[in-house]
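Read through the structure below, which is laid out as structure tokens, and then see the notes.
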Amino acid sequence: MHDGGLDDRGDEREDAHSAAPVPAPLTEHGPARVIAVANQKGGVGKTTTTINLGAALAEYGRRVLLVDFDPQGALSVGLGVPAHELDVTIYNLLMERGVEIDDVIRHTTVADMDLLPSNIDLSAAEVQLVTEVGREQALGRAIKPVLDRYDVILIDCQPSLGLLTINALACADAVLIPLACEFFSLRGVALLMDTIDKVQSRINPDLEHLGILCTMFDPRTLHTREVRQRVIDAFGDLVFQATINRTVRFPETTVAGEPITTWAPNSNGAQAYRHVAREVLAR
Ligand code: ADP
Ligand code: MG
């Protein structure tokens, strides 16, 4: 059948990802590589990528800290943390003296993967930070004490190019951009790239592009393949070979409050994020 043929092609695509080697285990940990997961467009898979890339990196023996830097708190909720009920979140860490990062960090169900949770309080920080000296460096100052403890810190950015996202880019070593393979997905990318350029030239000269991850890929439609090709034409090697297919398994994992790597360890989605993890470690 027609569909079956396309599914098979999807499997071949998976094999092609094996290009990035299985990473060697680490004997020592830290200092962390800080990666901002950013795109001002909502619903492109930033939070899903943060959770599942983090979990896949932890499977490969990396110590991972996930930073929920979106006041929506979707990353926290996606890991089963009732963010709206928390007394201390990243907001308190940023805005209050005397709050230590260890008061806020929580373990997750995934071994070696911790979380700095947030909730709607963080939206107040964005307003309050505007008048502060060093307002772009607040997150960098906050995570500095634990850089030596982790191998990778992933920051899940909010869907805007406001001060919170600038804070993430200001303290990151690299930025990962999830891009949905849909109509209009390339719209706004120029503005995002421009913002990254400005952060590089004015605040953080060490910021690098880690790559662009095509998400919401539907191998059955011509359109989604065309969009992916356009992304590759525009950004070349910056585009990860691994591609994340559109599947209901991801919304399911949010309800389950755990990553796809543990919820459905043998699924295509779990495998795809393991491939992304390998590419990230190879870059
Ligand atoms: P963002 O953080 O960029 O706003 P999310 O990761 O929260 O995006 O994803 C938006 C919605 O789409 C969520 O409901 C999520 O479960 C779902 N989703 C994410 N990735 C996929 C995918 N590959 N296939 C299907 N649904 C997905
Ligand atoms: Mg999100």
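To be explicit about the labels: the chains of the structure tokens are called A, B, and onward in the order shown, and within each one the residues are counted from 1, while ligands get numbers from 1 in the order they are shown.
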List every residue of chain A that has an atom at most 6 Å from any atom of ligand 2, giving for each one its closest atom pair and the distance in Å to one decimal, counting only C-alpha atoms and all ligand atoms, sorted by chain and then by ascending residue number, as a Markdown table.
| residue | atom | partner | partner_atom_place_in_ligand_line | distance |
| --- | --- | --- | --- | --- |
| A:Lys46 | CA | ligand 2 | 1 (Mg) | 5.2 |
| A:Thr47 | CA | ligand 2 | 1 (Mg) | 4.2 |
| A:Ala74 | CA | ligand 2 | 1 (Mg) | 5.9 |
May I have the residues within 9 Å of segment 78-81 of chain A as a PDB file with N, CA, C and O atoms, in the first residue's frame, using only C-alpha atoms and disregarding those fewer than 5 positions away in the same chain?
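The file below, out_9.pdb, is the result:
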ATOM      1  N   THR A  47       9.479  22.545  24.296  1.00  0.00           N
ATOM      2  CA  THR A  47       9.371  21.860  25.589  1.00  0.00           C
ATOM      3  C   THR A  47       9.537  20.353  25.417  1.00  0.00           C
ATOM      4  O   THR A  47      10.242  19.692  26.185  1.00  0.00           O
ATOM      5  N   THR A  48       8.916  19.813  24.382  1.00  0.00           N
ATOM      6  CA  THR A  48       9.030  18.378  24.092  1.00  0.00           C
ATOM      7  C   THR A  48      10.488  18.004  23.824  1.00  0.00           C
ATOM      8  O   THR A  48      10.970  16.968  24.286  1.00  0.00           O
ATOM      9  N   ILE A  51      12.585  18.110  27.221  1.00  0.00           N
ATOM     10  CA  ILE A  51      12.364  16.933  28.072  1.00  0.00           C
ATOM     11  C   ILE A  51      13.036  15.696  27.463  1.00  0.00           C
ATOM     12  O   ILE A  51      13.775  14.967  28.140  1.00  0.00           O
ATOM     13  N   GLY A  73       5.126  27.044  32.494  1.00  0.00           N
ATOM     14  CA  GLY A  73       5.495  25.885  33.322  1.00  0.00           C
ATOM     15  C   GLY A  73       5.249  24.539  32.667  1.00  0.00           C
ATOM     16  O   GLY A  73       5.169  23.512  33.355  1.00  0.00           O
ATOM     17  N   LEU A  86       4.040  24.964  43.784  1.00  0.00           N
ATOM     18  CA  LEU A  86       5.367  25.052  44.395  1.00  0.00           C
ATOM     19  C   LEU A  86       5.561  26.367  45.143  1.00  0.00           C
ATOM     20  O   LEU A  86       5.122  27.421  44.697  1.00  0.00           O
ATOM     21  N   THR A 108      14.006  14.418  38.969  1.00  0.00           N
ATOM     22  CA  THR A 108      12.872  13.949  38.167  1.00  0.00           C
ATOM     23  C   THR A 108      12.825  12.420  38.244  1.00  0.00           C
ATOM     24  O   THR A 108      13.667  11.799  38.889  1.00  0.00           O
ATOM     25  N   THR A 109      11.848  11.836  37.553  1.00  0.00           N
ATOM     26  CA  THR A 109      11.743  10.373  37.538  1.00  0.00           C
ATOM     27  C   THR A 109      12.902   9.750  36.754  1.00  0.00           C
ATOM     28  O   THR A 109      13.128   8.551  36.833  1.00  0.00           O
ATOM     29  N   LEU A 115      15.573  19.205  37.536  1.00  0.00           N
ATOM     30  CA  LEU A 115      14.711  20.256  36.983  1.00  0.00           C
ATOM     31  C   LEU A 115      14.761  21.499  37.853  1.00  0.00           C
ATOM     32  O   LEU A 115      14.673  21.416  39.079  1.00  0.00           O
ATOM     33  N   PRO A 117      12.231  24.186  38.271  1.00  0.00           N
ATOM     34  CA  PRO A 117      10.844  24.416  37.831  1.00  0.00           C
ATOM     35  C   PRO A 117      10.473  25.897  37.781  1.00  0.00           C
ATOM     36  O   PRO A 117      11.115  26.736  38.416  1.00  0.00           O
ATOM     37  N   THR A 253       2.727  11.591  26.380  1.00  0.00           N
ATOM     38  CA  THR A 253       3.755  11.629  27.425  1.00  0.00           C
ATOM     39  C   THR A 253       3.529  12.789  28.379  1.00  0.00           C
ATOM     40  O   THR A 253       3.871  12.702  29.548  1.00  0.00           O
ATOM     41  N   THR A 254       2.955  13.898  27.865  1.00  0.00           N
ATOM     42  CA  THR A 254       2.682  15.037  28.740  1.00  0.00           C
ATOM     43  C   THR A 254       1.677  14.637  29.807  1.00  0.00           C
ATOM     44  O   THR A 254       1.826  14.972  30.982  1.00  0.00           O
ATOM     45  N   VAL A 255       0.659  13.892  29.393  1.00  0.00           N
ATOM     46  CA  VAL A 255      -0.347  13.415  30.351  1.00  0.00           C
ATOM     47  C   VAL A 255       0.311  12.462  31.346  1.00  0.00           C
ATOM     48  O   VAL A 255       0.038  12.498  32.549  1.00  0.00           O
ATOM     49  N   ALA A 256       1.215  11.615  30.838  1.00  0.00           N
ATOM     50  CA  ALA A 256       1.883  10.644  31.708  1.00  0.00           C
ATOM     51  C   ALA A 256       2.896  11.327  32.633  1.00  0.00           C
ATOM     52  O   ALA A 256       3.255  10.781  33.673  1.00  0.00           O
ATOM     53  N   GLY A 257       3.352  12.545  32.265  1.00  0.00           N
ATOM     54  CA  GLY A 257       4.323  13.254  33.099  1.00  0.00           C
ATOM     55  C   GLY A 257       5.711  12.650  33.063  1.00  0.00           C
ATOM     56  O   GLY A 257       6.448  12.719  34.045  1.00  0.00           O
ATOM     57  N   GLU A 258       6.066  12.058  31.943  1.00  0.00           N
ATOM     58  CA  GLU A 258       7.417  11.511  31.817  1.00  0.00           C
ATOM     59  C   GLU A 258       7.885  11.585  30.361  1.00  0.00           C
ATOM     60  O   GLU A 258       7.071  11.760  29.456  1.00  0.00           O
ATOM     61  N   PRO A 259       9.191  11.445  30.137  1.00  0.00           N
ATOM     62  CA  PRO A 259       9.701  11.508  28.759  1.00  0.00           C
ATOM     63  C   PRO A 259       9.298  10.288  27.944  1.00  0.00           C
ATOM     64  O   PRO A 259       8.983   9.233  28.502  1.00  0.00           O
TER      65      PRO A 259
END
### Task
Name the residues in contact with Val37 of chain A at a cut-off of 8 Å, using only C-alpha atoms, excluding same-chain residues fewer than 3 positions from it; report them as a count of residues only.
11
### Query
What do you get as a PyMOL selection string if you pick all residues at most 6 Å from ligand 1, counting only C-alpha atoms and all ligand atoms?
chain A and resi 42-48+215-216+244-248+250-251
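Closest approach to Ile196 of chain A from the set A:Gln40, A:Thr262, A:Gln241, A:Asn268 is made by A:Gln40, with distances taken over only C-alpha atoms.
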### Message
Run DSSP on the backbone and tell me which residues of segment 130-257 of chain A come out as helix (DSSP H, G or I); list them as a ChimeraX atom specification.
### Response
/A:135-149,163-171,189-202,222-238,249-256
Print the selection's residues with C-alpha atoms to a file, as a PDB file, in the first residue's frame.
ATOM      1  CA  ARG A 135      19.140  42.358  33.718  1.00  0.00           C
ATOM      2  CA  GLU A 136      20.291  40.135  30.843  1.00  0.00           C
ATOM      3  CA  GLN A 137      22.584  38.108  33.117  1.00  0.00           C
ATOM      4  CA  ALA A 138      20.139  37.114  35.856  1.00  0.00           C
ATOM      5  CA  LEU A 139      19.779  33.495  34.719  1.00  0.00           C
ATOM      6  CA  GLY A 140      23.514  33.145  34.128  1.00  0.00           C
ATOM      7  CA  ARG A 141      24.207  34.295  37.682  1.00  0.00           C
ATOM      8  CA  ALA A 142      21.567  31.906  39.032  1.00  0.00           C
ATOM      9  CA  ILE A 143      22.892  28.719  37.402  1.00  0.00           C
ATOM     10  CA  LYS A 144      26.605  29.493  37.827  1.00  0.00           C
ATOM     11  CA  PRO A 145      26.955  27.605  41.156  1.00  0.00           C
ATOM     12  CA  VAL A 146      25.936  24.282  39.556  1.00  0.00           C
ATOM     13  CA  LEU A 147      27.782  24.437  36.219  1.00  0.00           C
ATOM     14  CA  ASP A 148      30.412  22.008  37.507  1.00  0.00           C
ATOM     15  CA  ARG A 149      27.819  19.505  38.639  1.00  0.00           C
ATOM     16  CA  LEU A 163      13.971  39.485  28.277  1.00  0.00           C
ATOM     17  CA  LEU A 164      13.660  35.901  29.539  1.00  0.00           C
ATOM     18  CA  THR A 165      14.783  34.468  26.208  1.00  0.00           C
ATOM     19  CA  ILE A 166      17.593  37.053  26.024  1.00  0.00           C
ATOM     20  CA  ASN A 167      18.705  35.856  29.468  1.00  0.00           C
ATOM     21  CA  ALA A 168      18.818  32.276  28.196  1.00  0.00           C
ATOM     22  CA  LEU A 169      20.829  33.261  25.096  1.00  0.00           C
ATOM     23  CA  ALA A 170      23.122  35.432  27.214  1.00  0.00           C
ATOM     24  CA  CYS A 171      24.257  32.523  29.391  1.00  0.00           C
ATOM     25  CA  VAL A 189      13.193  32.541  11.675  1.00  0.00           C
ATOM     26  CA  ALA A 190      15.008  35.552  10.210  1.00  0.00           C
ATOM     27  CA  LEU A 191      14.001  37.597  13.245  1.00  0.00           C
ATOM     28  CA  LEU A 192      15.185  34.823  15.563  1.00  0.00           C
ATOM     29  CA  MET A 193      18.532  34.612  13.756  1.00  0.00           C
ATOM     30  CA  ASP A 194      18.845  38.385  13.937  1.00  0.00           C
ATOM     31  CA  THR A 195      18.226  38.317  17.693  1.00  0.00           C
ATOM     32  CA  ILE A 196      20.856  35.599  18.130  1.00  0.00           C
ATOM     33  CA  ASP A 197      23.313  37.711  16.085  1.00  0.00           C
ATOM     34  CA  LYS A 198      22.658  40.707  18.314  1.00  0.00           C
ATOM     35  CA  VAL A 199      23.181  38.687  21.489  1.00  0.00           C
ATOM     36  CA  GLN A 200      26.420  37.339  20.001  1.00  0.00           C
ATOM     37  CA  SER A 201      27.760  40.774  19.126  1.00  0.00           C
ATOM     38  CA  ARG A 202      26.578  42.673  22.193  1.00  0.00           C
ATOM     39  CA  LEU A 222       4.572  15.976   0.344  1.00  0.00           C
ATOM     40  CA  HIS A 223       4.208  19.378   1.929  1.00  0.00           C
ATOM     41  CA  THR A 224       6.095  18.513   5.103  1.00  0.00           C
ATOM     42  CA  ARG A 225       8.948  17.029   3.056  1.00  0.00           C
ATOM     43  CA  GLU A 226       9.064  20.189   0.967  1.00  0.00           C
ATOM     44  CA  VAL A 227       9.296  22.330   4.080  1.00  0.00           C
ATOM     45  CA  ARG A 228      12.141  20.197   5.442  1.00  0.00           C
ATOM     46  CA  GLN A 229      13.954  20.519   2.112  1.00  0.00           C
ATOM     47  CA  ARG A 230      13.549  24.289   2.195  1.00  0.00           C
ATOM     48  CA  VAL A 231      15.015  24.350   5.696  1.00  0.00           C
ATOM     49  CA  ILE A 232      17.975  22.284   4.486  1.00  0.00           C
ATOM     50  CA  ASP A 233      18.421  24.543   1.434  1.00  0.00           C
ATOM     51  CA  ALA A 234      18.489  27.559   3.731  1.00  0.00           C
ATOM     52  CA  PHE A 235      20.592  26.223   6.612  1.00  0.00           C
ATOM     53  CA  GLY A 236      22.589  23.256   5.250  1.00  0.00           C
ATOM     54  CA  ASP A 237      24.643  21.350   7.809  1.00  0.00           C
ATOM     55  CA  LEU A 238      23.084  23.290  10.643  1.00  0.00           C
ATOM     56  CA  ARG A 249       2.776   9.662  21.497  1.00  0.00           C
ATOM     57  CA  PHE A 250       4.210  13.068  22.456  1.00  0.00           C
ATOM     58  CA  PRO A 251       0.964  14.581  23.790  1.00  0.00           C
ATOM     59  CA  GLU A 252       0.460  11.247  25.602  1.00  0.00           C
ATOM     60  CA  THR A 253       3.755  11.629  27.425  1.00  0.00           C
ATOM     61  CA  THR A 254       2.682  15.037  28.740  1.00  0.00           C
ATOM     62  CA  VAL A 255      -0.347  13.415  30.351  1.00  0.00           C
ATOM     63  CA  ALA A 256       1.883  10.644  31.708  1.00  0.00           C
TER      64      ALA A 256
END
### Task
Give the strand (DSSP E) residues of segment 2-236 of chain A, as DSSP finds them on the backbone, and put them as a PyMOL selection string.
chain A and resi 33-37+64-69+106-107+113-116+152-157+174-180+208-215
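Distance-wise, atom CA of Pro82 of chain A and atom CA of Ile153 of chain A end up 21.4 Å apart.
The space separating atom CA of Leu116 of chain A from atom CA of Arg62 of chain A comes to 17.0 Å.
Counting only C-alpha atoms, the residue from A:Asn204, A:Gln128, A:Thr89, A:Asn119 that sits nearest to Ala172 of chain A is A:Asn204.
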Quick one: residues within 8 Å of segment 120-127 of chain A, only C-alpha atoms, excluding same-chain residues fewer than 6 positions away - as a PDB file with all heavy atoms, in the first residue's frame?
ATOM      1  N   PHE A  69      12.111  27.818  31.657  1.00  0.00           N
ATOM      2  CA  PHE A  69      12.198  29.276  31.621  1.00  0.00           C
ATOM      3  C   PHE A  69      11.026  29.888  30.874  1.00  0.00           C
ATOM      4  O   PHE A  69      11.128  30.927  30.233  1.00  0.00           O
ATOM      5  CB  PHE A  69      13.544  29.717  31.029  1.00  0.00           C
ATOM      6  CG  PHE A  69      14.095  30.931  31.718  1.00  0.00           C
ATOM      7  CD1 PHE A  69      14.033  31.044  33.102  1.00  0.00           C
ATOM      8  CD2 PHE A  69      14.668  31.974  31.002  1.00  0.00           C
ATOM      9  CE1 PHE A  69      14.525  32.172  33.758  1.00  0.00           C
ATOM     10  CE2 PHE A  69      15.156  33.105  31.639  1.00  0.00           C
ATOM     11  CZ  PHE A  69      15.092  33.203  33.018  1.00  0.00           C
ATOM     12  N   ASP A  70       9.899  29.204  30.979  1.00  0.00           N
ATOM     13  CA  ASP A  70       8.641  29.690  30.409  1.00  0.00           C
ATOM     14  C   ASP A  70       7.611  29.758  31.539  1.00  0.00           C
ATOM     15  O   ASP A  70       7.363  28.748  32.200  1.00  0.00           O
ATOM     16  CB  ASP A  70       8.167  28.707  29.318  1.00  0.00           C
ATOM     17  CG  ASP A  70       6.889  29.149  28.638  1.00  0.00           C
ATOM     18  OD1 ASP A  70       6.264  30.143  29.092  1.00  0.00           O
ATOM     19  OD2 ASP A  70       6.493  28.483  27.659  1.00  0.00           O
ATOM     20  N   PRO A  71       7.034  30.942  31.781  1.00  0.00           N
ATOM     21  CA  PRO A  71       6.048  31.064  32.871  1.00  0.00           C
ATOM     22  C   PRO A  71       4.861  30.106  32.736  1.00  0.00           C
ATOM     23  O   PRO A  71       4.150  29.865  33.715  1.00  0.00           O
ATOM     24  CB  PRO A  71       5.573  32.521  32.753  1.00  0.00           C
ATOM     25  CG  PRO A  71       6.634  33.236  32.002  1.00  0.00           C
ATOM     26  CD  PRO A  71       7.276  32.220  31.095  1.00  0.00           C
ATOM     27  N   GLN A  72       4.657  29.539  31.549  1.00  0.00           N
ATOM     28  CA  GLN A  72       3.579  28.553  31.393  1.00  0.00           C
ATOM     29  C   GLN A  72       3.867  27.288  32.206  1.00  0.00           C
ATOM     30  O   GLN A  72       2.951  26.530  32.507  1.00  0.00           O
ATOM     31  CB  GLN A  72       3.412  28.157  29.924  1.00  0.00           C
ATOM     32  CG  GLN A  72       2.979  29.286  29.007  1.00  0.00           C
ATOM     33  CD  GLN A  72       1.587  29.787  29.323  1.00  0.00           C
ATOM     34  OE1 GLN A  72       0.704  29.004  29.646  1.00  0.00           O
ATOM     35  NE2 GLN A  72       1.403  31.096  29.271  1.00  0.00           N
ATOM     36  N   GLY A  73       5.126  27.044  32.494  1.00  0.00           N
ATOM     37  CA  GLY A  73       5.495  25.885  33.322  1.00  0.00           C
ATOM     38  C   GLY A  73       5.249  24.539  32.667  1.00  0.00           C
ATOM     39  O   GLY A  73       5.169  23.512  33.355  1.00  0.00           O
ATOM     40  N   HIS A  84       2.280  24.918  39.747  1.00  0.00           N
ATOM     41  CA  HIS A  84       1.492  26.000  40.359  1.00  0.00           C
ATOM     42  C   HIS A  84       1.401  25.860  41.875  1.00  0.00           C
ATOM     43  O   HIS A  84       1.073  26.805  42.567  1.00  0.00           O
ATOM     44  CB  HIS A  84       0.100  26.037  39.738  1.00  0.00           C
ATOM     45  CG  HIS A  84      -0.595  24.717  39.758  1.00  0.00           C
ATOM     46  ND1 HIS A  84      -0.269  23.700  38.880  1.00  0.00           N
ATOM     47  CD2 HIS A  84      -1.561  24.227  40.569  1.00  0.00           C
ATOM     48  CE1 HIS A  84      -1.035  22.636  39.138  1.00  0.00           C
ATOM     49  NE2 HIS A  84      -1.801  22.934  40.158  1.00  0.00           N
ATOM     50  N   ILE A  90      12.034  29.032  40.050  1.00  0.00           N
ATOM     51  CA  ILE A  90      13.131  29.821  39.501  1.00  0.00           C
ATOM     52  C   ILE A  90      12.879  31.323  39.704  1.00  0.00           C
ATOM     53  O   ILE A  90      13.823  32.101  39.817  1.00  0.00           O
ATOM     54  CB  ILE A  90      13.327  29.461  38.004  1.00  0.00           C
ATOM     55  CG1 ILE A  90      14.699  29.883  37.536  1.00  0.00           C
ATOM     56  CG2 ILE A  90      12.237  30.038  37.140  1.00  0.00           C
ATOM     57  CD1 ILE A  90      15.125  29.201  36.264  1.00  0.00           C
ATOM     58  N   TYR A  91      11.643  31.710  39.816  1.00  0.00           N
ATOM     59  CA  TYR A  91      11.324  33.115  40.096  1.00  0.00           C
ATOM     60  C   TYR A  91      12.003  33.587  41.384  1.00  0.00           C
ATOM     61  O   TYR A  91      12.645  34.638  41.424  1.00  0.00           O
ATOM     62  CB  TYR A  91       9.806  33.320  40.200  1.00  0.00           C
ATOM     63  CG  TYR A  91       9.454  34.676  40.764  1.00  0.00           C
ATOM     64  CD1 TYR A  91       9.474  35.811  39.960  1.00  0.00           C
ATOM     65  CD2 TYR A  91       9.146  34.829  42.123  1.00  0.00           C
ATOM     66  CE1 TYR A  91       9.188  37.060  40.477  1.00  0.00           C
ATOM     67  CE2 TYR A  91       8.865  36.085  42.657  1.00  0.00           C
ATOM     68  CZ  TYR A  91       8.885  37.185  41.825  1.00  0.00           C
ATOM     69  OH  TYR A  91       8.621  38.433  42.344  1.00  0.00           O
ATOM     70  N   LEU A  94      15.720  33.952  41.055  1.00  0.00           N
ATOM     71  CA  LEU A  94      16.144  35.135  40.305  1.00  0.00           C
ATOM     72  C   LEU A  94      15.947  36.420  41.106  1.00  0.00           C
ATOM     73  O   LEU A  94      16.756  37.333  41.023  1.00  0.00           O
ATOM     74  CB  LEU A  94      15.339  35.259  38.999  1.00  0.00           C
ATOM     75  CG  LEU A  94      15.537  34.211  37.928  1.00  0.00           C
ATOM     76  CD1 LEU A  94      14.626  34.511  36.744  1.00  0.00           C
ATOM     77  CD2 LEU A  94      16.983  34.156  37.466  1.00  0.00           C
ATOM     78  N   MET A  95      14.871  36.490  41.862  1.00  0.00           N
ATOM     79  CA  MET A  95      14.438  37.780  42.391  1.00  0.00           C
ATOM     80  C   MET A  95      14.673  37.982  43.890  1.00  0.00           C
ATOM     81  O   MET A  95      14.590  39.096  44.362  1.00  0.00           O
ATOM     82  CB  MET A  95      12.944  38.003  42.094  1.00  0.00           C
ATOM     83  CG  MET A  95      12.548  37.915  40.632  1.00  0.00           C
ATOM     84  SD  MET A  95      13.538  38.915  39.496  1.00  0.00           S
ATOM     85  CE  MET A  95      13.288  40.563  40.145  1.00  0.00           C
ATOM     86  N   LEU A 163      12.813  39.464  27.386  1.00  0.00           N
ATOM     87  CA  LEU A 163      13.971  39.485  28.277  1.00  0.00           C
ATOM     88  C   LEU A 163      14.329  38.102  28.823  1.00  0.00           C
ATOM     89  O   LEU A 163      15.506  37.804  29.051  1.00  0.00           O
ATOM     90  CB  LEU A 163      13.703  40.473  29.422  1.00  0.00           C
ATOM     91  CG  LEU A 163      14.853  40.770  30.366  1.00  0.00           C
ATOM     92  CD1 LEU A 163      16.132  41.158  29.622  1.00  0.00           C
ATOM     93  CD2 LEU A 163      14.451  41.867  31.351  1.00  0.00           C
ATOM     94  N   LEU A 164      13.343  37.239  29.026  1.00  0.00           N
ATOM     95  CA  LEU A 164      13.660  35.901  29.539  1.00  0.00           C
ATOM     96  C   LEU A 164      14.469  35.122  28.503  1.00  0.00           C
ATOM     97  O   LEU A 164      15.477  34.491  28.828  1.00  0.00           O
ATOM     98  CB  LEU A 164      12.378  35.136  29.901  1.00  0.00           C
ATOM     99  CG  LEU A 164      11.569  35.695  31.085  1.00  0.00           C
ATOM    100  CD1 LEU A 164      10.314  34.864  31.305  1.00  0.00           C
ATOM    101  CD2 LEU A 164      12.398  35.753  32.368  1.00  0.00           C
TER     102      LEU A 164
END
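The residue that comes closest to Ile35 of chain A, out of A:Leu66, A:Ala19, A:Leu213, A:Val130 and on the basis of only C-alpha atoms, is A:Leu66.
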### Message
Report as a ChimeraX atom specification all protein, DNA and RNA residues lying within 9 Å of Leu26 of chain A, evaluated on only C-alpha atoms, omitting residues in the same chain fewer than 3 positions from it.
### Response
/A:23,29,60-62
